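Just query-v5.cif here, mmCIF, C-alpha atoms:
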data_entry
loop_
_atom_site.group_PDB
_atom_site.id
_atom_site.type_symbol
_atom_site.label_atom_id
_atom_site.label_comp_id
_atom_site.auth_asym_id
_atom_site.auth_seq_id
_atom_site.Cartn_x
_atom_site.Cartn_y
_atom_site.Cartn_z
ATOM 1 C CA MET A 1 167.338 10.160 -130.338
ATOM 2 C CA ASN A 2 167.232 13.576 -132.054
ATOM 3 C CA GLU A 3 163.644 14.095 -130.846
ATOM 4 C CA ARG A 4 164.727 13.478 -127.250
ATOM 5 C CA LYS A 5 167.561 16.000 -127.626
ATOM 6 C CA ASN A 6 165.156 18.591 -129.057
ATOM 7 C CA PHE A 7 162.690 17.874 -126.271
ATOM 8 C CA PHE A 8 165.233 18.581 -123.529
ATOM 9 C CA ARG A 9 166.611 21.567 -125.433
ATOM 10 C CA PHE A 10 163.219 23.243 -124.974
ATOM 11 C CA VAL A 11 162.098 21.751 -121.670
ATOM 12 C CA ILE A 12 165.117 22.486 -119.460
ATOM 13 C CA PRO A 13 165.252 26.250 -120.234
ATOM 14 C CA SER A 14 161.450 26.473 -119.863
ATOM 15 C CA ILE A 15 161.539 24.833 -116.439
ATOM 16 C CA LEU A 16 164.354 27.122 -115.295
ATOM 17 C CA ALA A 17 162.549 30.231 -116.573
ATOM 18 C CA PHE A 18 159.356 29.426 -114.669
ATOM 19 C CA ALA A 19 161.237 28.309 -111.559
ATOM 20 C CA LEU A 20 163.099 31.613 -111.401
ATOM 21 C CA SER A 21 159.891 33.630 -111.659
ATOM 22 C CA GLY A 22 158.820 32.251 -108.275
ATOM 23 C CA VAL A 23 162.118 32.999 -106.535
ATOM 24 C CA TYR A 24 161.932 36.802 -106.601
ATOM 25 C CA THR A 25 159.972 37.063 -103.363
ATOM 26 C CA ILE A 26 162.241 34.521 -101.670
ATOM 27 C CA VAL A 27 165.234 36.727 -102.487
ATOM 28 C CA ASP A 28 163.344 39.751 -101.137
ATOM 29 C CA GLY A 29 162.668 37.750 -97.974
ATOM 30 C CA PHE A 30 166.356 36.951 -97.568
ATOM 31 C CA PHE A 31 167.444 40.592 -97.728
ATOM 32 C CA ILE A 32 164.547 41.954 -95.672
ATOM 33 C CA GLY A 33 164.947 39.190 -93.100
ATOM 34 C CA GLN A 34 168.628 40.057 -92.722
ATOM 35 C CA SER A 35 167.819 43.736 -92.262
ATOM 36 C CA LEU A 36 164.606 43.750 -90.252
ATOM 37 C CA GLY A 37 164.587 40.306 -88.689
ATOM 38 C CA ASP A 38 161.490 38.257 -88.003
ATOM 39 C CA ILE A 39 159.032 41.120 -88.409
ATOM 40 C CA GLY A 40 160.394 41.952 -91.871
ATOM 41 C CA LEU A 41 160.310 38.317 -92.904
ATOM 42 C CA ALA A 42 156.716 38.055 -91.654
ATOM 43 C CA ALA A 43 155.809 41.055 -93.824
ATOM 44 C CA ILE A 44 157.303 39.391 -96.911
ATOM 45 C CA VAL A 45 155.518 36.114 -96.152
ATOM 46 C CA LEU A 46 152.188 37.935 -95.816
ATOM 47 C CA GLY A 47 152.816 39.754 -99.088
ATOM 48 C CA TYR A 48 153.874 36.636 -100.986
ATOM 49 C CA PRO A 49 150.352 35.512 -102.011
ATOM 50 C CA ILE A 50 149.771 38.876 -103.678
ATOM 51 C CA ALA A 51 153.033 38.664 -105.648
ATOM 52 C CA ALA A 52 152.257 35.047 -106.567
ATOM 53 C CA VAL A 53 148.795 35.978 -107.868
ATOM 54 C CA ILE A 54 150.284 38.742 -110.030
ATOM 55 C CA GLN A 55 152.777 36.279 -111.527
ATOM 56 C CA ALA A 56 150.059 33.662 -112.027
ATOM 57 C CA ILE A 57 147.829 36.148 -113.854
ATOM 58 C CA GLY A 58 150.715 37.175 -116.122
ATOM 59 C CA THR A 59 151.579 33.558 -116.846
ATOM 60 C CA GLY A 60 147.939 32.656 -117.485
ATOM 61 C CA ILE A 61 147.296 35.514 -119.898
ATOM 62 C CA GLY A 62 150.640 35.040 -121.630
ATOM 63 C CA LEU A 63 150.209 31.287 -121.936
ATOM 64 C CA SER A 64 146.691 31.670 -123.337
ATOM 65 C CA GLY A 65 147.865 34.187 -125.917
ATOM 66 C CA ALA A 66 150.945 32.116 -126.784
ATOM 67 C CA ILE A 67 148.841 29.010 -127.385
ATOM 68 C CA ARG A 68 146.478 30.956 -129.645
ATOM 69 C CA TYR A 69 149.475 32.499 -131.437
ATOM 70 C CA THR A 70 151.008 29.071 -132.031
ATOM 71 C CA ILE A 71 147.718 27.645 -133.347
ATOM 72 C CA MET A 72 147.527 30.547 -135.802
ATOM 73 C CA GLN A 73 151.129 29.901 -136.815
ATOM 74 C CA ALA A 74 150.309 26.290 -137.649
ATOM 75 C CA LYS A 75 147.464 27.470 -139.895
ATOM 76 C CA GLU A 76 149.690 30.128 -141.487
ATOM 77 C CA CYS A 77 147.253 32.795 -140.387
ATOM 78 C CA ASP A 78 147.971 36.521 -140.649
ATOM 79 C CA GLU A 79 146.210 37.225 -137.372
ATOM 80 C CA GLN A 80 149.279 36.425 -135.249
ATOM 81 C CA ARG A 81 150.238 40.069 -134.812
ATOM 82 C CA THR A 82 146.712 40.889 -133.714
ATOM 83 C CA CYS A 83 146.843 38.041 -131.194
ATOM 84 C CA PHE A 84 150.200 39.170 -129.811
ATOM 85 C CA GLY A 85 149.095 42.809 -129.688
ATOM 86 C CA GLY A 86 145.783 41.916 -128.068
ATOM 87 C CA THR A 87 147.496 39.779 -125.447
ATOM 88 C CA THR A 88 150.001 42.555 -124.712
ATOM 89 C CA LEU A 89 147.197 45.112 -124.406
ATOM 90 C CA LEU A 90 145.270 42.785 -122.098
ATOM 91 C CA MET A 91 148.349 42.333 -119.891
ATOM 92 C CA LEU A 92 148.830 46.118 -119.741
ATOM 93 C CA LEU A 93 145.173 46.751 -118.889
ATOM 94 C CA ILE A 94 145.060 44.005 -116.251
ATOM 95 C CA SER A 95 148.311 45.222 -114.689
ATOM 96 C CA GLY A 96 146.860 48.728 -114.441
ATOM 97 C CA LEU A 97 143.689 47.353 -112.874
ATOM 98 C CA ILE A 98 145.667 45.237 -110.381
ATOM 99 C CA THR A 99 147.834 48.227 -109.456
ATOM 100 C CA VAL A 100 144.803 50.426 -108.772
ATOM 101 C CA LEU A 101 142.963 47.685 -106.859
ATOM 102 C CA LEU A 102 146.013 46.929 -104.731
ATOM 103 C CA LEU A 103 146.622 50.559 -103.884
ATOM 104 C CA VAL A 104 142.952 51.241 -103.097
ATOM 105 C CA PHE A 105 142.130 48.036 -101.191
ATOM 106 C CA LEU A 106 145.555 47.263 -99.743
ATOM 107 C CA CYS A 107 144.767 47.565 -96.030
ATOM 108 C CA PRO A 108 141.528 45.526 -96.124
ATOM 109 C CA LEU A 109 143.314 42.860 -98.182
ATOM 110 C CA LEU A 110 146.218 42.723 -95.756
ATOM 111 C CA HIS A 111 143.825 42.525 -92.797
ATOM 112 C CA LEU A 112 142.185 39.590 -94.554
ATOM 113 C CA LEU A 113 145.615 37.939 -94.797
ATOM 114 C CA GLY A 114 146.117 38.493 -91.046
ATOM 115 C CA ALA A 115 148.412 41.525 -90.966
ATOM 116 C CA GLU A 116 148.186 43.798 -87.917
ATOM 117 C CA GLY A 117 150.193 46.580 -86.340
ATOM 118 C CA GLU A 118 153.815 46.953 -87.426
ATOM 119 C CA ILE A 119 153.598 43.931 -89.727
ATOM 120 C CA LEU A 120 150.645 45.562 -91.490
ATOM 121 C CA ARG A 121 152.696 48.722 -92.042
ATOM 122 C CA LEU A 122 155.733 46.836 -93.351
ATOM 123 C CA THR A 123 153.665 44.549 -95.586
ATOM 124 C CA ALA A 124 151.783 47.548 -96.988
ATOM 125 C CA GLU A 125 155.096 49.239 -97.765
ATOM 126 C CA TYR A 126 156.344 46.110 -99.561
ATOM 127 C CA ILE A 127 153.124 45.561 -101.509
ATOM 128 C CA CYS A 128 152.991 49.220 -102.591
ATOM 129 C CA ILE A 129 156.350 48.674 -104.292
ATOM 130 C CA ILE A 130 155.073 45.427 -105.807
ATOM 131 C CA ALA A 131 151.897 47.211 -106.974
ATOM 132 C CA VAL A 132 153.831 49.973 -108.724
ATOM 133 C CA GLY A 133 155.943 47.332 -110.495
ATOM 134 C CA THR A 134 152.982 45.117 -111.410
ATOM 135 C CA VAL A 135 153.244 45.984 -115.100
ATOM 136 C CA PHE A 136 156.840 44.720 -115.201
ATOM 137 C CA GLN A 137 156.063 41.496 -113.330
ATOM 138 C CA LEU A 138 153.004 40.762 -115.420
ATOM 139 C CA LEU A 139 154.731 41.444 -118.739
ATOM 140 C CA ALA A 140 157.843 39.496 -117.755
ATOM 141 C CA THR A 141 155.918 36.369 -116.839
ATOM 142 C CA GLY A 142 153.420 36.862 -119.679
ATOM 143 C CA PHE A 143 155.992 37.140 -122.459
ATOM 144 C CA VAL A 144 157.941 34.017 -121.456
ATOM 145 C CA PRO A 145 155.391 31.637 -123.065
ATOM 146 C CA PHE A 146 155.389 33.723 -126.259
ATOM 147 C CA ILE A 147 159.160 33.740 -126.477
ATOM 148 C CA ARG A 148 159.285 30.031 -125.755
ATOM 149 C CA ASN A 149 156.645 29.217 -128.396
ATOM 150 C CA MET A 150 158.557 31.285 -130.942
ATOM 151 C CA GLY A 151 161.510 28.934 -130.453
ATOM 152 C CA GLY A 152 163.352 31.107 -127.964
ATOM 153 C CA SER A 153 163.225 28.957 -124.823
ATOM 154 C CA THR A 154 166.899 29.663 -124.101
ATOM 155 C CA PHE A 155 166.335 33.402 -124.582
ATOM 156 C CA ALA A 156 163.301 33.269 -122.249
ATOM 157 C CA MET A 157 165.436 31.532 -119.634
ATOM 158 C CA THR A 158 168.212 34.102 -120.094
ATOM 159 C CA ALA A 159 165.721 36.959 -119.690
ATOM 160 C CA MET A 160 164.401 35.444 -116.456
ATOM 161 C CA ILE A 161 167.960 34.972 -115.164
ATOM 162 C CA ALA A 162 168.696 38.618 -115.992
ATOM 163 C CA GLY A 163 165.569 39.701 -114.107
ATOM 164 C CA PHE A 164 166.506 37.520 -111.146
ATOM 165 C CA LEU A 165 170.045 38.944 -111.037
ATOM 166 C CA THR A 166 168.655 42.481 -111.327
ATOM 167 C CA ASN A 167 166.372 41.759 -108.365
ATOM 168 C CA VAL A 168 169.323 40.500 -106.308
ATOM 169 C CA PHE A 169 171.401 43.535 -107.288
ATOM 170 C CA LEU A 170 168.641 46.023 -106.459
ATOM 171 C CA ASP A 171 167.845 44.272 -103.177
ATOM 172 C CA SER A 172 171.484 44.466 -102.149
ATOM 173 C CA ALA A 173 171.886 48.061 -103.399
ATOM 174 C CA PHE A 174 168.893 49.282 -101.378
ATOM 175 C CA GLU A 175 169.473 47.004 -98.411
ATOM 176 C CA LEU A 176 168.550 48.464 -95.067
ATOM 177 C CA PRO A 177 171.119 48.467 -92.267
ATOM 178 C CA PRO A 178 170.722 45.364 -90.061
ATOM 179 C CA ILE A 179 168.830 45.676 -86.808
ATOM 180 C CA LYS A 180 170.910 45.485 -83.640
#
Output the file's structure as C-alpha cells, nothing else.
Amino acid sequence: MNERKNFFRFVIPSILAFALSGVYTIVDGFFIGQSLGDIGLAAIVLGYPIAAVIQAIGTGIGLSGAIRYTIMQAKECDEQRTCFGGTTLLMLLISGLITVLLLVFLCPLLHLLGAEGEILRLTAEYICIIAVGTVFQLLATGFVPFIRNMGGSTFAMTAMIAGFLTNVFLDSAFELPPIK
C-alpha cells in the first residue's frame, strides 16, 4: 500500500506539470481570440506547431539528461554535475540556434504552414515573441525532468503552475483592446 501511495505522490504532480506546459499557447489563443477575433486565433493556431516543437525539444533534451543523471546517481558516480551542466549547456545552445533559425527563416516556415496576408503578419509577430523567449521555454520544460528525478515532483509541478499563472497575468496585462 505504501508503494502505491509513493507512486501517486510522484505521478500526479508529474502529469500536471507536463499537462500545463502544453496549455500556454491555448491561453494565448484565448486572449488573442478575444482581442483580434478569428484572424488572431488563426495566427495562434498556425504558430502552435512551432511552440510545441520548442517545448518538445526542451522536454527531450531535459529527459535524456535527467535519465543519464539518475543512472549516475544509482552508481554513485561523481559525474552528475558534469551531466547536469552539459545538459544545461546543450539546452542553452539549442535554444540560441532555434531562436536564430526562427528569426531568419520565419516567413518561409510560416508560408509552409499556410500563412498568408494578414494572418502571416500576425503569426510572424507572435512567433517573434516566442522565438525571443525560446531559452525560457526550453529551460522550463527541460528542467522539469531533472527536478522530478531529484525527488522534487511537487516542486516541478509548482514551478509549472507559477509559469502558467505568469503567462495568464502577462497575457491579461498586455491584452489588446477588443475589436468592434
Item checked: Shell of 8 Å around segment 39-54 of chain A, all atoms listed in the file, local chain residues under 6 positions omitted, as a list of chain:residue names -> A:Gly22, A:Thr25, A:Asp28, A:Gly29, A:Phe30, A:Ile32, A:Gly33, A:Ile98, A:Leu110, A:Leu113, A:Gly114, A:Ala115, A:Glu118, A:Ile119, A:Leu120, A:Leu122, A:Thr123, A:Tyr126, A:Ile127, A:Ile130, A:Thr134, A:Gln137, A:Leu138
Check: Which one of A:Thr88, A:Asn167, A:Asn6, A:Thr158 sits closest to Val23 of chain A if you count all atoms listed in the file?
Finding: A:Asn167
Checklist line | Top pick for closest residue to Ala124 of chain A, considering A:Leu102, A:Val11, A:Ile26, A:Val144 and counting all atoms listed in the file | finding: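 Looking only at the distances to Ala124 of chain A, the closest residue turns out to be A:Leu102.
Our summary of the geometry notes that atom CA of Gln80 of chain A is positioned 21.4 Å from atom CA of Ile57 of chain A.
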Next item on the list: Please determine the residues with any atom at most 12 Å from (160.1, 29.8, -129.2) (coordinates as given in the file, with all atoms listed in the file counting) and report them as a PyMOL selection string.
Entry: chain A and resi 9-11+13-14+66-67+69-70+73+143-157
Margin query: Between atom CA of Gly60 of chain A and atom CA of Arg81 of chain A, what is the distance in Å, rounded to a tenth?
Written below: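 Atom CA of Arg81 of chain A lies 19.0 Å from atom CA of Gly60 of chain A.
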Item checked: Option closest in space to Leu97 of chain A, from A:Phe174, A:Val135, A:Val27, A:Thr166 [counting all atoms listed in the file] ->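 The shortest atom-to-atom distance to Leu97 of chain A comes from A:Val135.
Distances here use all atoms listed in the file; by that measure, the residue among A:Gln55, A:Leu109, A:Leu89, A:Phe18 closest to Ala159 of chain A is A:Phe18.
Atom pair atom CA of Tyr24 of chain A / atom CA of Ser172 of chain A has a distance of 13.0 Å (rounded to one decimal).
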Item checked: Given only C-alpha atoms as the counted atoms, nearest of A:Met160, A:Leu106, A:Leu101, A:Ile129 to Ala19 of chain A -> A:Met160
